[in-house]
Structures are given as structure tokens and as C-alpha cells.
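**Student:** File start_8.cif follows (mmCIF, C-alpha atoms and all ligand atoms):
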data_model
#
loop_
_atom_site.label_atom_id
_atom_site.label_comp_id
_atom_site.auth_asym_id
_atom_site.auth_seq_id
_atom_site.Cartn_x
_atom_site.Cartn_y
_atom_site.Cartn_z
CA MET R 1 165.52 57.12 -64.87
CA LYS R 2 162.85 54.55 -63.95
CA LYS R 3 161.11 55.17 -67.26
CA GLN R 4 164.41 54.86 -69.17
CA ASN R 5 165.16 51.54 -67.44
CA SER R 6 161.82 50.10 -68.44
CA ILE R 7 162.36 51.22 -72.07
CA SER R 8 165.85 49.62 -71.95
CA ARG R 9 164.28 46.34 -70.88
CA LEU R 10 161.85 46.49 -73.78
CA VAL R 11 164.20 47.45 -76.62
CA GLY R 12 167.63 46.63 -75.15
CA ASN R 13 170.63 48.96 -74.89
CA ALA R 14 171.52 48.55 -78.57
CA GLY R 15 167.95 49.47 -79.52
CA LEU R 16 168.06 52.51 -77.30
CA GLN R 17 171.40 53.58 -78.75
CA HIS R 18 170.00 53.18 -82.28
CA ALA R 19 166.92 55.24 -81.38
CA GLY R 20 169.26 58.02 -80.18
CA TYR R 21 171.32 57.77 -83.38
CA VAL R 22 168.16 58.02 -85.52
CA ALA R 23 166.85 61.02 -83.58
CA VAL R 24 170.14 62.94 -84.00
CA ALA R 25 170.42 61.98 -87.68
CA LYS R 26 166.82 63.07 -88.42
CA THR R 27 167.42 66.44 -86.76
CA ARG R 28 170.58 66.97 -88.85
CA ALA R 29 168.67 65.98 -92.00
CA LYS R 30 166.07 68.67 -91.25
CA VAL R 31 168.83 71.26 -90.73
CA LEU R 32 170.43 70.25 -94.05
CA LYS R 33 167.06 70.60 -95.79
CA ALA R 34 166.57 74.09 -94.33
CA PHE R 35 170.14 75.00 -95.34
CA SER R 36 169.58 73.87 -98.94
CA TYR R 37 166.37 75.89 -99.24
CA VAL R 38 167.55 79.06 -97.48
CA ILE R 39 170.93 79.43 -99.16
CA PRO R 40 170.60 79.85 -102.93
CA ILE R 41 172.75 77.45 -104.94
CA ARG R 42 173.86 78.76 -108.34
CA ARG R 43 173.53 76.56 -111.42
CA PRO R 44 176.41 76.63 -113.86
CA MET R 45 175.63 77.82 -117.38
CA LEU R 46 175.49 74.58 -119.34
CA PHE R 47 176.89 74.06 -122.85
CA VAL R 48 176.13 70.73 -124.49
CA GLY R 49 177.38 69.24 -127.75
CA GLU R 50 180.42 68.98 -129.97
CA SER R 51 181.16 72.71 -129.80
CA ALA R 52 180.42 73.01 -126.07
CA CYS R 53 184.10 73.59 -125.16
CA HIS R 54 184.35 76.47 -127.60
CA GLU R 55 181.11 78.04 -126.36
CA LEU R 56 182.48 77.81 -122.80
CA CYS R 57 185.69 79.59 -123.91
CA ASP R 58 183.60 82.30 -125.64
CA MET R 59 181.71 82.90 -122.39
CA LEU R 60 184.99 83.16 -120.45
CA ILE R 61 186.33 85.71 -122.95
CA ASN R 62 183.07 87.69 -122.92
CA GLU R 63 183.22 87.80 -119.12
CA GLY R 64 186.59 89.56 -119.43
CA SER R 65 189.16 86.91 -118.54
CA THR R 66 192.42 87.20 -120.46
CA ASN R 67 194.87 84.79 -118.79
CA VAL R 68 193.60 81.28 -118.07
CA PHE R 69 194.93 78.61 -115.72
CA ILE R 70 194.15 75.14 -117.11
CA VAL R 71 193.93 72.44 -114.43
CA THR R 72 194.16 68.81 -115.57
CA ASP R 73 196.06 65.57 -114.88
CA ALA R 74 199.18 64.11 -116.49
CA VAL R 75 197.34 61.27 -118.29
CA LEU R 76 194.80 63.56 -119.94
CA ASN R 77 197.53 66.05 -120.85
CA LYS R 78 199.65 63.31 -122.44
CA LEU R 79 196.60 62.19 -124.45
CA GLY R 80 196.20 65.76 -125.72
CA ILE R 81 192.68 66.14 -124.30
CA PRO R 82 193.12 69.82 -123.26
CA ALA R 83 194.09 70.73 -126.87
CA LYS R 84 190.48 71.34 -127.91
CA VAL R 85 190.38 74.15 -125.34
CA THR R 86 193.96 75.45 -125.58
CA GLU R 87 193.99 75.64 -129.40
CA TYR R 88 190.76 77.63 -129.32
CA LEU R 89 192.17 80.01 -126.67
CA GLU R 90 195.32 80.48 -128.81
CA ALA R 91 193.18 81.31 -131.84
CA LYS R 92 191.43 83.95 -129.75
CA ASN R 93 194.74 85.39 -128.45
CA ILE R 94 194.03 84.38 -124.87
CA SER R 95 197.09 83.34 -122.89
CA TYR R 96 197.02 80.24 -120.72
CA HIS R 97 199.16 78.09 -118.40
CA VAL R 98 198.67 74.35 -117.96
CA TYR R 99 199.00 72.60 -114.60
CA ASP R 100 198.75 68.81 -115.01
CA GLY R 101 199.79 67.80 -111.50
CA VAL R 102 196.39 66.69 -110.18
CA THR R 103 196.40 63.12 -108.87
CA PRO R 104 193.42 60.91 -107.95
CA ASP R 105 192.08 61.94 -104.51
CA PRO R 106 194.02 65.23 -104.63
CA THR R 107 195.92 66.29 -101.53
CA PHE R 108 196.52 69.76 -100.06
CA THR R 109 200.07 69.67 -101.52
CA VAL R 110 198.69 69.11 -105.04
CA ILE R 111 196.24 72.00 -104.62
CA GLU R 112 198.81 74.34 -103.05
CA GLU R 113 201.24 73.67 -105.93
CA GLY R 114 198.58 74.53 -108.55
CA LEU R 115 197.49 77.57 -106.57
CA SER R 116 201.03 78.99 -106.36
CA GLN R 117 201.53 78.47 -110.12
CA SER R 118 198.23 80.21 -110.91
CA ILE R 119 199.10 83.18 -108.67
CA ALA R 120 202.67 83.39 -110.07
CA ALA R 121 201.31 83.43 -113.65
CA LYS R 122 198.73 86.09 -112.64
CA CYS R 123 195.87 83.98 -114.04
CA ASP R 124 192.39 85.48 -113.76
CA ALA R 125 190.25 82.39 -114.46
CA ILE R 126 190.49 78.60 -114.21
CA ILE R 127 189.30 75.93 -116.63
CA ALA R 128 189.24 72.44 -115.10
CA ILE R 129 189.54 69.67 -117.69
CA GLY R 130 189.18 66.23 -116.11
CA GLY R 131 187.19 63.97 -113.81
CA GLY R 132 185.99 64.61 -110.27
CA SER R 133 189.49 64.85 -108.76
CA VAL R 134 190.59 67.53 -111.24
CA ILE R 135 187.36 69.51 -110.80
CA ASP R 136 187.53 69.32 -106.99
CA ALA R 137 191.18 70.46 -107.02
CA ALA R 138 190.31 73.35 -109.36
CA LYS R 139 187.40 74.40 -107.11
CA MET R 140 189.78 74.61 -104.14
CA MET R 141 192.35 76.58 -106.16
CA ALA R 142 189.72 79.03 -107.45
CA MET R 143 188.31 79.59 -103.94
CA SER R 144 191.75 79.96 -102.34
CA GLN R 145 192.92 82.42 -104.99
CA GLY R 146 189.70 84.43 -104.72
CA ASN R 147 189.97 84.56 -100.92
CA ARG R 148 193.80 84.88 -100.74
CA CYS R 149 193.87 82.05 -98.24
CA GLU R 150 195.38 78.60 -97.72
CA PRO R 151 193.22 75.72 -99.05
CA LYS R 152 193.14 74.23 -95.52
CA GLN R 153 191.29 77.33 -94.28
CA LEU R 154 188.37 76.46 -96.56
CA ILE R 155 187.67 73.06 -95.00
CA GLY R 156 184.19 73.02 -93.46
CA ILE R 157 180.93 74.73 -94.32
CA LEU R 158 180.80 78.35 -95.60
CA LYS R 159 184.40 79.22 -94.65
CA ALA R 160 185.03 81.65 -97.55
CA ARG R 161 184.38 85.39 -97.36
CA LYS R 162 184.77 86.24 -101.02
CA PRO R 163 183.82 84.56 -104.30
CA ALA R 164 186.15 82.21 -106.15
CA ILE R 165 187.99 83.50 -109.20
CA PRO R 166 185.94 82.60 -112.32
CA LEU R 167 185.83 78.81 -112.63
CA TYR R 168 184.79 76.83 -115.71
CA CYS R 169 184.62 73.04 -116.03
CA VAL R 170 184.98 70.54 -118.84
CA PRO R 171 184.23 67.11 -117.34
CA THR R 172 186.00 64.25 -119.12
CA THR R 173 184.05 61.51 -117.36
CA ALA R 174 180.29 61.22 -116.99
CA GLY R 175 180.24 60.38 -113.30
CA THR R 176 180.74 62.65 -110.31
CA GLY R 177 178.65 65.59 -111.51
CA SER R 178 181.20 67.66 -109.55
CA GLU R 179 180.83 70.47 -112.10
CA ALA R 180 177.32 71.04 -110.68
CA THR R 181 177.98 70.71 -106.95
CA LEU R 182 178.93 73.03 -104.12
CA GLY R 183 181.54 70.81 -102.48
CA ALA R 184 185.11 69.62 -102.94
CA VAL R 185 186.91 66.70 -101.31
CA VAL R 186 190.59 66.98 -100.35
CA SER R 187 192.79 64.20 -98.96
CA ASP R 188 195.25 64.75 -96.14
CA ASP R 189 198.82 64.17 -97.42
CA LYS R 190 199.80 61.84 -94.57
CA THR R 191 196.65 60.23 -93.18
CA HIS R 192 194.75 60.13 -96.52
CA GLN R 193 191.65 61.09 -94.54
CA LYS R 194 189.22 63.08 -96.62
CA ALA R 195 188.15 66.61 -95.76
CA LEU R 196 185.20 68.42 -97.27
CA SER R 197 184.79 72.07 -98.21
CA ILE R 198 181.21 73.20 -98.85
CA ASP R 199 180.26 76.63 -100.18
CA PRO R 200 177.73 77.65 -102.85
CA ARG R 201 180.36 80.05 -104.23
CA MET R 202 182.34 76.99 -105.28
CA VAL R 203 179.81 76.11 -107.99
CA PRO R 204 181.50 76.81 -111.36
CA LEU R 205 180.22 79.60 -113.62
CA ALA R 206 179.81 77.21 -116.56
CA ALA R 207 180.30 73.61 -117.63
CA ALA R 208 180.77 72.10 -121.08
CA ILE R 209 179.38 68.61 -121.72
CA ASP R 210 181.38 67.79 -124.83
CA PRO R 211 180.92 64.19 -126.09
CA VAL R 212 184.06 64.38 -128.25
CA ILE R 213 186.18 65.00 -125.14
CA MET R 214 184.64 61.90 -123.49
CA LYS R 215 184.74 59.48 -126.40
CA GLY R 216 188.18 58.01 -125.58
CA MET R 217 187.18 56.95 -122.07
CA PRO R 218 187.87 53.19 -121.62
CA ALA R 219 184.84 50.89 -121.28
CA HIS R 220 185.51 49.88 -117.65
CA ILE R 221 185.75 53.54 -116.56
CA THR R 222 182.60 54.34 -118.57
CA ALA R 223 180.85 51.55 -116.64
CA ASP R 224 182.13 52.56 -113.18
CA THR R 225 181.42 56.26 -113.60
CA GLY R 226 178.02 55.54 -115.17
CA ILE R 227 176.96 53.53 -112.12
CA ASP R 228 178.14 56.45 -109.96
CA VAL R 229 175.61 58.62 -111.84
CA LEU R 230 172.87 56.03 -111.30
CA THR R 231 173.71 55.86 -107.58
CA HIS R 232 173.60 59.67 -107.19
CA ALA R 233 170.19 59.74 -108.84
CA LEU R 234 168.72 56.77 -106.92
CA GLU R 235 170.00 57.99 -103.54
CA ALA R 236 168.71 61.53 -104.24
CA TRP R 237 165.34 60.02 -105.26
CA MET R 238 165.08 57.92 -102.08
CA SER R 239 166.22 60.78 -99.82
CA VAL R 240 163.60 62.18 -97.45
CA ASN R 241 164.92 65.62 -98.45
CA ALA R 242 163.95 65.04 -102.10
CA SER R 243 161.76 67.74 -103.66
CA VAL R 244 159.80 68.23 -106.88
CA GLU R 245 162.92 69.87 -108.30
CA THR R 246 165.42 67.17 -107.28
CA ASP R 247 162.97 64.47 -108.41
CA TYR R 248 162.97 65.93 -111.91
CA TYR R 249 166.76 65.78 -112.18
CA ALA R 250 167.08 62.39 -110.45
CA ALA R 251 164.42 60.69 -112.60
CA SER R 252 165.84 62.20 -115.81
CA ALA R 253 169.30 60.90 -114.87
CA VAL R 254 167.99 57.41 -114.07
CA LYS R 255 166.12 57.20 -117.38
CA SER R 256 169.22 58.24 -119.35
CA VAL R 257 171.57 55.88 -117.53
CA MET R 258 169.31 52.85 -117.96
CA HIS R 259 169.00 53.54 -121.67
CA TYR R 260 172.37 54.99 -122.71
CA LEU R 261 174.94 53.40 -120.40
CA PRO R 262 174.74 49.92 -122.02
CA ILE R 263 175.01 51.60 -125.45
CA VAL R 264 178.06 53.72 -124.64
CA TYR R 265 179.71 50.81 -122.78
CA LYS R 266 179.58 48.75 -125.99
CA ASP R 267 180.43 51.63 -128.33
CA GLY R 268 182.48 54.39 -126.73
CA GLY R 269 182.35 56.38 -129.98
CA ASP R 270 178.56 56.79 -129.86
CA LEU R 271 178.50 60.56 -129.38
CA LYS R 272 174.74 60.76 -128.77
CA ALA R 273 175.03 58.27 -125.90
CA ARG R 274 178.17 59.99 -124.55
CA GLU R 275 176.37 63.33 -124.53
CA ALA R 276 173.29 61.86 -122.82
CA MET R 277 175.48 60.32 -120.11
CA GLY R 278 177.30 63.64 -119.62
CA VAL R 279 174.00 65.45 -119.11
CA ALA R 280 172.78 62.63 -116.81
CA ALA R 281 175.92 63.04 -114.66
CA HIS R 282 175.27 66.79 -114.43
CA TYR R 283 171.61 66.20 -113.49
CA GLY R 284 172.64 63.62 -110.89
CA GLY R 285 174.97 66.24 -109.38
CA ILE R 286 172.16 68.82 -109.20
CA ALA R 287 169.83 66.26 -107.58
CA PHE R 288 172.19 65.14 -104.81
CA ASN R 289 173.45 68.68 -104.23
CA LYS R 290 170.12 69.37 -102.52
CA ALA R 291 168.65 65.98 -101.63
CA GLY R 292 171.88 64.30 -100.50
CA LEU R 293 173.08 60.72 -100.84
CA GLY R 294 172.79 57.64 -98.61
CA TYR R 295 174.26 54.34 -97.39
CA VAL R 296 175.60 53.30 -100.81
CA HIS R 297 177.99 56.24 -100.84
CA ALA R 298 178.65 56.02 -97.10
CA ILE R 299 179.79 52.38 -97.38
CA ALA R 300 181.48 52.86 -100.79
CA HIS R 301 183.58 55.75 -99.44
CA GLN R 302 184.95 53.46 -96.72
CA LEU R 303 185.64 50.61 -99.17
CA GLY R 304 187.49 53.10 -101.40
CA ALA R 305 189.57 54.38 -98.47
CA TYR R 306 190.39 50.92 -97.05
CA TYR R 307 190.96 48.95 -100.25
CA ARG R 308 191.72 51.63 -102.86
CA ILE R 309 188.94 50.62 -105.25
CA PRO R 310 187.57 53.24 -107.67
CA HIS R 311 184.55 55.15 -106.39
CA GLY R 312 182.15 54.11 -109.15
CA ARG R 313 183.04 50.42 -108.83
CA ALA R 314 182.61 50.59 -105.05
CA ASN R 315 179.12 52.04 -105.60
CA ALA R 316 178.29 49.29 -108.09
CA ILE R 317 179.32 46.66 -105.54
CA VAL R 318 177.21 48.17 -102.72
CA LEU R 319 174.16 49.51 -104.59
CA PRO R 320 172.07 46.30 -105.03
CA TYR R 321 172.38 45.39 -101.32
CA VAL R 322 171.28 48.84 -100.12
CA LEU R 323 168.35 48.75 -102.55
CA ASP R 324 167.37 45.39 -101.05
CA VAL R 325 167.53 46.82 -97.52
CA ASN R 326 165.57 49.96 -98.51
CA ARG R 327 163.06 47.92 -100.49
CA GLN R 328 160.32 48.15 -97.90
CA ALA R 329 160.88 51.75 -96.77
CA SER R 330 161.24 53.09 -100.33
CA GLN R 331 158.75 50.82 -102.07
CA LYS R 332 156.25 53.49 -103.05
CA ARG R 333 158.98 55.87 -104.20
CA LEU R 334 160.88 53.25 -106.20
CA ALA R 335 157.70 52.00 -107.85
CA ALA R 336 156.82 55.59 -108.79
CA LEU R 337 160.31 56.01 -110.27
CA ALA R 338 159.97 52.80 -112.29
CA ARG R 339 156.64 53.99 -113.72
CA LYS R 340 157.99 57.45 -114.50
CA THR R 341 161.18 56.26 -116.20
CA GLY R 342 159.71 53.38 -118.18
CA MET R 343 161.57 50.75 -116.17
CA VAL R 344 158.26 48.95 -116.09
CA LYS R 345 156.20 48.48 -119.27
CA THR R 346 153.06 50.65 -119.52
CA GLU R 347 150.69 47.66 -119.58
CA GLN R 348 152.50 46.12 -116.56
CA ALA R 349 152.22 49.41 -114.67
CA ALA R 350 148.48 49.63 -115.34
CA GLU R 351 147.90 46.01 -114.36
CA SER R 352 150.05 46.29 -111.27
CA ASP R 353 148.64 49.55 -110.03
CA SER R 354 148.20 48.15 -106.57
CA ILE R 355 151.31 46.04 -106.44
CA ASP R 356 154.19 48.44 -105.95
CA SER R 357 156.05 45.54 -104.43
CA ALA R 358 156.35 43.67 -107.75
CA ILE R 359 157.38 46.83 -109.59
CA THR R 360 160.05 47.61 -107.00
CA ASP R 361 161.43 44.06 -107.32
CA HIS R 362 161.54 44.58 -111.08
CA LEU R 363 163.46 47.87 -110.72
CA ILE R 364 166.03 46.32 -108.37
CA ALA R 365 166.42 43.34 -110.71
CA GLN R 366 167.07 45.69 -113.64
CA VAL R 367 169.75 47.57 -111.70
CA ARG R 368 171.43 44.21 -110.86
CA GLU R 369 171.19 43.14 -114.51
CA LEU R 370 172.77 46.40 -115.70
CA ILE R 371 175.72 46.00 -113.29
CA THR R 372 176.19 42.40 -114.48
CA ASP R 373 175.99 43.41 -118.15
CA LEU R 374 178.68 46.05 -117.55
CA ASN R 375 181.00 43.29 -116.25
CA ILE R 376 181.80 45.25 -113.11
CA ASP R 377 184.17 43.19 -110.99
CA PRO R 378 182.65 42.45 -107.53
CA THR R 379 185.96 41.31 -106.00
CA ILE R 380 187.68 43.44 -103.37
CA ASP R 381 191.32 42.55 -102.71
CA GLY R 382 192.13 42.42 -99.01
CA LEU R 383 188.52 42.70 -97.80
CA GLN R 384 188.50 41.31 -94.26
CA THR R 385 185.85 40.86 -91.61
CA SER R 386 188.12 42.36 -88.93
CA ASP R 387 187.65 45.76 -90.64
CA PHE R 388 183.85 45.55 -90.64
CA ASP R 389 183.25 47.13 -87.22
CA ASN R 390 185.22 50.25 -88.16
CA ILE R 391 183.74 50.44 -91.66
CA ALA R 392 180.18 50.14 -90.29
CA LYS R 393 180.87 52.79 -87.65
CA ALA R 394 182.34 55.25 -90.17
CA ALA R 395 179.51 54.65 -92.67
CA ALA R 396 176.87 55.18 -89.96
CA LYS R 397 178.57 58.43 -88.96
CA GLU R 398 178.73 59.68 -92.56
CA VAL R 399 175.00 59.04 -92.96
CA SER R 400 174.08 60.68 -89.68
CA ASP R 401 176.30 63.72 -90.38
CA THR R 402 175.39 64.31 -94.00
CA TYR R 403 172.44 62.45 -95.48
CA ALA R 404 168.66 62.16 -95.15
CA VAL R 405 167.92 58.48 -95.71
CA PRO R 406 164.54 56.72 -95.74
CA LEU R 407 165.73 54.07 -93.26
CA TYR R 408 168.49 54.30 -90.64
CA LEU R 409 170.47 51.07 -90.31
CA THR R 410 172.03 49.63 -87.18
CA ALA R 411 175.75 48.80 -87.17
CA SER R 412 174.87 45.12 -87.39
CA GLU R 413 172.64 45.72 -90.44
CA ILE R 414 175.53 47.53 -92.15
CA LYS R 415 177.81 44.62 -91.24
CA ASP R 416 175.28 42.21 -92.78
CA ILE R 417 175.66 44.11 -96.07
CA LEU R 418 179.46 43.88 -95.79
CA ILE R 419 179.23 40.12 -95.17
CA LYS R 420 177.15 39.70 -98.34
CA ILE R 421 179.68 41.80 -100.28
CA LYS R 422 182.49 39.59 -98.96
CA GLN R 423 180.62 36.41 -99.89
CA ALA R 424 180.13 37.68 -103.47
CA SER R 425 183.78 38.80 -103.63
CA ASP R 426 185.08 35.42 -102.35
CA HIS R 427 182.78 33.55 -104.72
CA CYS R 428 184.05 35.51 -107.70
CA MET R 429 187.67 35.16 -106.57
CA ASN R 430 187.23 31.34 -106.37
CA ASP R 431 185.73 31.31 -109.87
CA LYS R 432 188.72 33.27 -111.16
CA THR R 433 191.16 30.84 -109.48
CA GLU R 434 189.30 27.85 -110.95
CA SER R 435 189.31 29.28 -114.46
CA THR R 436 193.07 30.05 -114.17
CA LYS R 437 193.70 26.41 -113.17
CA VAL R 438 191.67 25.14 -116.16
CA ALA R 439 193.55 27.48 -118.52
FE FE D 501 179.48 59.36 -106.21
#
Kindly present the structure from the file in C-alpha cells form.

**Tutor:**
Amino acid sequence: MKKQNSISRLVGNAGLQHAGYVAVAKTRAKVLKAFSYVIPIRRPMLFVGESACHELCDMLINEGSTNVFIVTDAVLNKLGIPAKVTEYLEAKNISYHVYDGVTPDPTFTVIEEGLSQSIAAKCDAIIAIGGGSVIDAAKMMAMSQGNRCEPKQLIGILKARKPAIPLYCVPTTAGTGSEATLGAVVSDDKTHQKALSIDPRMVPLAAAIDPVIMKGMPAHITADTGIDVLTHALEAWMSVNASVETDYYAASAVKSVMHYLPIVYKDGGDLKAREAMGVAAHYGGIAFNKAGLGYVHAIAHQLGAYYRIPHGRANAIVLPYVLDVNRQASQKRLAALARKTGMVKTEQAAESDSIDSAITDHLIAQVRELITDLNIDPTIDGLQTSDFDNIAKAAAKEVSDTYAVPLYLTASEIKDILIKIKQASDHCMNDKTESTKVA
């Protein structure tokens, strides 16, 4: 007790509390690392290119499925996006049923409705056609049907006893990388709180990265989802649980995003760039599946829940500030990434061999420049300082429970980031008001 009192005097109660938080978080990070290396995580068979959807259907047929449940959302269904799959299944005499009831941030009710339709139609496989929400909902349906259980029983880690029914994914956005990951997020119908189900058996059997399916995605969604990919890759790269394997996928994703995202943002019909972004999203998913994420996602998840802003845009708003904060702790790693991915010119890299600091500054500046060039709106409607305590607390908990970050932040350091975000949001809001007055 005497010893503890003298430490308290030296570092203060807040310092002591933070030291305890860091110790617990580091232990959890080690457990997560052990978990990811002990339990094998399947990789989906990957089909890439303009006939990827058809190749995915061929695999499903060869595996013996004869009655397919298509999971999508109403917007995509109205746009006729699933037709590329359904017409091919028809031509091959495979029956199918379409469920287009998935909503953003799918709830248990949405999943239960799809599940009961799939069971009633006696479907023996699922093809998810959509973004992260559709794929997560389909994962839960496939696992529940395979285990003959309620979706709620799958919340937590390794709750299933049996495999999912065969699950195939056709992502329509290049963002979440959910088609490569072992988790699904479900929202509570009433509280809107998010619950997570994690199980390696949730990883789909195959995924089709089909650029034709993605070419109609609007520019602002292309930008938001593309920054989500960049954030997955950067957070996986900076994670202390990163490995040679996750580094390969993270660096490849970063290189593709920096090169192809500006191209596909300007020209959504550029199929080569669409395809590269689709593969980058998949690689980002593989990287963070094992290495985990960090404070960008932890804070962005809270901003999404409090102010209903899209996930990718929330990441774009938070990312530069977390890079600034991590700058010192991740300097060597970020400089190595910049050299590897060509974010620094070869002659600069050679000259600056000993000055990682300058190279890291350059990388952060390029990320900021990309976000600016993509015209991502930094304003958050309703953002208020009275929420900051709760947001900081929830973000700190998410990091300590789930991620392996290079630097653990105090609540007041997280609040400092939120204050900077608010200043940028207010500044932009004032500019908008001024320009409206002039017009
Ligand atoms: Fe994300």
C-alpha cells in the first residue's frame, strides 16, 4: 500500500489508472494474437474479373448446391444488380429465392426474417450480393441455418457447434472486406447497440470481385468505402500483432488504394481500377482479420452510432488525427511502409535513410491530401462536446477489448482528437454558411 501511495504521488491517480488500462489491454492483445495463430482461419476461394460472378456460381454448382438463397438489399435489387448472378443460375437450371430486406446496420429482426424465408424455401446455399451490411446479415443467416439456432445465440466468440450452410459473397462495394473476415456485426432492434459474432466457420467459401458489379457505385460512396480500405490496411500495419503475412496484405492494399482510388473516384467506369480496389478491400480484410484495427475504428464506430454518419466517412474524418498521434510510436513502421509502397520516391528514400521522421510526415501528408482530393465532407451534424466523455470511454474500451495498438491513449488524449474533429467540422460548417449567404 505504501509503495502504491508513493507511485500515486509520482504519476497521479489518472496516470495509475491509465497504467492499469494499458496492462489489461496488452494482455488481451497477446491473447488475441495467440487465438489468431492457434485457430486456423479459412481463406475464401477468390474469383477476380468480369466473369468472377459466373465462376463463383460454377463453384457453388460443382459443390452440389441446387437451391440458392440470394441475400441483398432493396436498392441493389431495384437496380437489377443481382441479375448477373440470377440469370446465370437460371441458365444452369438452379433454383433461387431472393431476399432483399437487408437494411444498413442489420438488426436481429432483419436476419431472422431472411433466415425463416431461407428455411421455408429449403435453400441449401446462400449468395450474398451487397456491401458489408448484406454480407454480415448473410453470414448470420448461414450460421444460424447450419446450426439450427437463433441468430442471438451466435453472439460472442466461437458460439457455433456446426459449420454454416455454404456461403458465397459478391461484394458490391470495395470497402469492408467482410467477405474475407470471420466476424459479423448485428444491431439490437431497440437500443441500436452493436453485437459481434466471431467464428472462423463464418468465413465464406468463395468471393467474387467483379468490377462490372461495382461500376455503378456513386463517387462519394467509392470515396468513403475506399478510405475504409486504407484505414483497415494502415491500422493492421501499425498493430503490434502484425505479422509477415498481414504486412503483405496490408502493404498491397495501401499501394492499390493510393494509386487506384483517385482514378476510380474520377471515373467510376474504369474497370481496372474498380477491380484493383475490390482486391485491395479483400486484402485489407485479410490483414485486419489477424492483426486487428485501432483507434480510428474505435472512434469512428462511436461517431457512426451517435451521429449516423457512414462508416467510411467517419474513418476518413478520424484517420489523419490518429496518424498524427501515432506518429512517434509508429514512425519506423510507417516509414518502412512508405518505402515499400512507393509513397516516397526512390531517390528520397535513399537520401533520407536515416530520417524516418521526414518520410513519416510525407506519408501522413499524402493520406490527408487523398482525403481532401476525394472531397470527403468533414462536418458532423449534431457533434457536441457534452458527448465526448462517453465517446472517449467507449472508444477506449473497444481498443482495450479488441485491438493491439502501438500506443494506448488516455481518455483526455482521445478527447483532444474529438476537439480537433469538432473544430474542423465547425470551420467547414461556417464556410458552407458563408458560401450560401454569398449565393
Ligand atoms: Fe472499417

**Student:** Which residues sit within 10 Å of ligand FE 501 (chain D), counting only C-alpha atoms and all ligand atoms, listed as an NGL selection string?

**Tutor:** :R and (132 or 175-178 or 225-233 or 235 or 281 or 284-285 or 288 or 293 or 296-298 or 300-301 or 311-315)

**Student:** If you count all atoms listed in the file, which residues fall within 7 Å of Ala142 of chain R, apart from same-chain ones fewer than 4 positions away, as a PyMOL selection string?

**Tutor:** chain R and resi 126+138+146+164-165+167

**Student:** Considering all atoms listed in the file, return as a list of chain:residue names whatever protein or nucleic-acid residues lie within 6 Å of segment 32-48 of chain R, sequence-local ones (same chain, fewer than 3 positions apart) excluded.

**Tutor:**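 After dropping sequence-adjacent residues, the list is R:Ala29, R:Ala52, R:Pro200, R:Pro204, R:Leu205, R:Ala206, R:Ala207, R:Ala208, R:Ile209, R:Lys290.
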
**Student:** List the spatial neighbours of Gly183 of chain R as a count of residues only - criterion: any atom at most 9 Å away, all atoms listed in the file, same-chain residues fewer than 3 positions off excluded.

**Tutor:** 11

**Student:** What would the list of residues within 12 Å of (192.1, 79.5, -128.3) (file frame) look like as JSON, numbers by chain, if all atoms listed in the file are what count?

**Tutor:** {"R": [53, 54, 55, 56, 57, 58, 60, 61, 66, 67, 68, 82, 83, 84, 85, 86, 87, 88, 89, 90, 91, 92, 93, 94, 95, 96]}

**Student:** Do you have the atom CA of Gly292 of chain R-atom CA of Ala236 of chain R distance handy?

**Tutor:**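 Result for atom CA of Gly292 of chain R versus atom CA of Ala236 of chain R: 5.6 Å, one decimal.
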
**Student:** How big is the axis-aligned box around all listed atoms of segment 35-51 of chain R once 6 Å goes on each side, and where's its centre, in Å to one decimal, as AutoDock Vina command-line options?

**Tutor:**
--center_x 173.8 --center_y 74.4 --center_z -112.7 --size_x 26.8 --size_y 22.9 --size_z 46.6

**Student:** One number please: atom CA of Phe388 of chain R to atom CA of Asp188 of chain R, in Å, one decimal.

**Tutor:**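 Going from atom CA of Phe388 of chain R over to atom CA of Asp188 of chain R covers 23.0 Å.
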
**Student:** With all atoms listed in the file as the counted atoms, please give the residues lying no more than 10 Å from Glu245 of chain R, apart from itself and same-chain residues fewer than 4 positions off, as a ChimeraX atom specification.

**Tutor:** /R:249-250,286-287,290-291

**Student:** Which one of R:Ala338, R:Val322, R:Lys159, R:Tyr295 sits closest to Ala394 of chain R if you count all atoms listed in the file?

**Tutor:**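 Nearest candidate to Ala394 of chain R out of R:Ala338, R:Val322, R:Lys159, R:Tyr295: R:Tyr295.
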
**Student:** Calculate how many Å separate atom CA of Ile309 of chain R from atom CA of Gly131 of chain R, rounding to one decimal.

**Tutor:**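 Value for the atom CA of Ile309 of chain R-atom CA of Gly131 of chain R distance: 16.0 Å.
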
**Student:** Find the residues of segment 309-424 of chain R that sit at most 12 Å from segment 265-275 of chain R; for each, write down the nearest two atoms and how far apart they are in Å, to one decimal. Count all atoms listed in the file. Sort by chain, then by number going up, and give it as a tab-separated table.

**Tutor:**
residue	atom	partner	partner_atom	distance
R:Leu370	CA	R:Tyr265	CA	10.9
R:Ile371	CA	R:Tyr265	CA	11.4
R:Asp373	CA	R:Tyr265	CA	9.5
R:Leu374	CA	R:Tyr265	CA	7.1
R:Asn375	CA	R:Tyr265	CA	10.0
R:Ile376	CA	R:Tyr265	CA	11.3
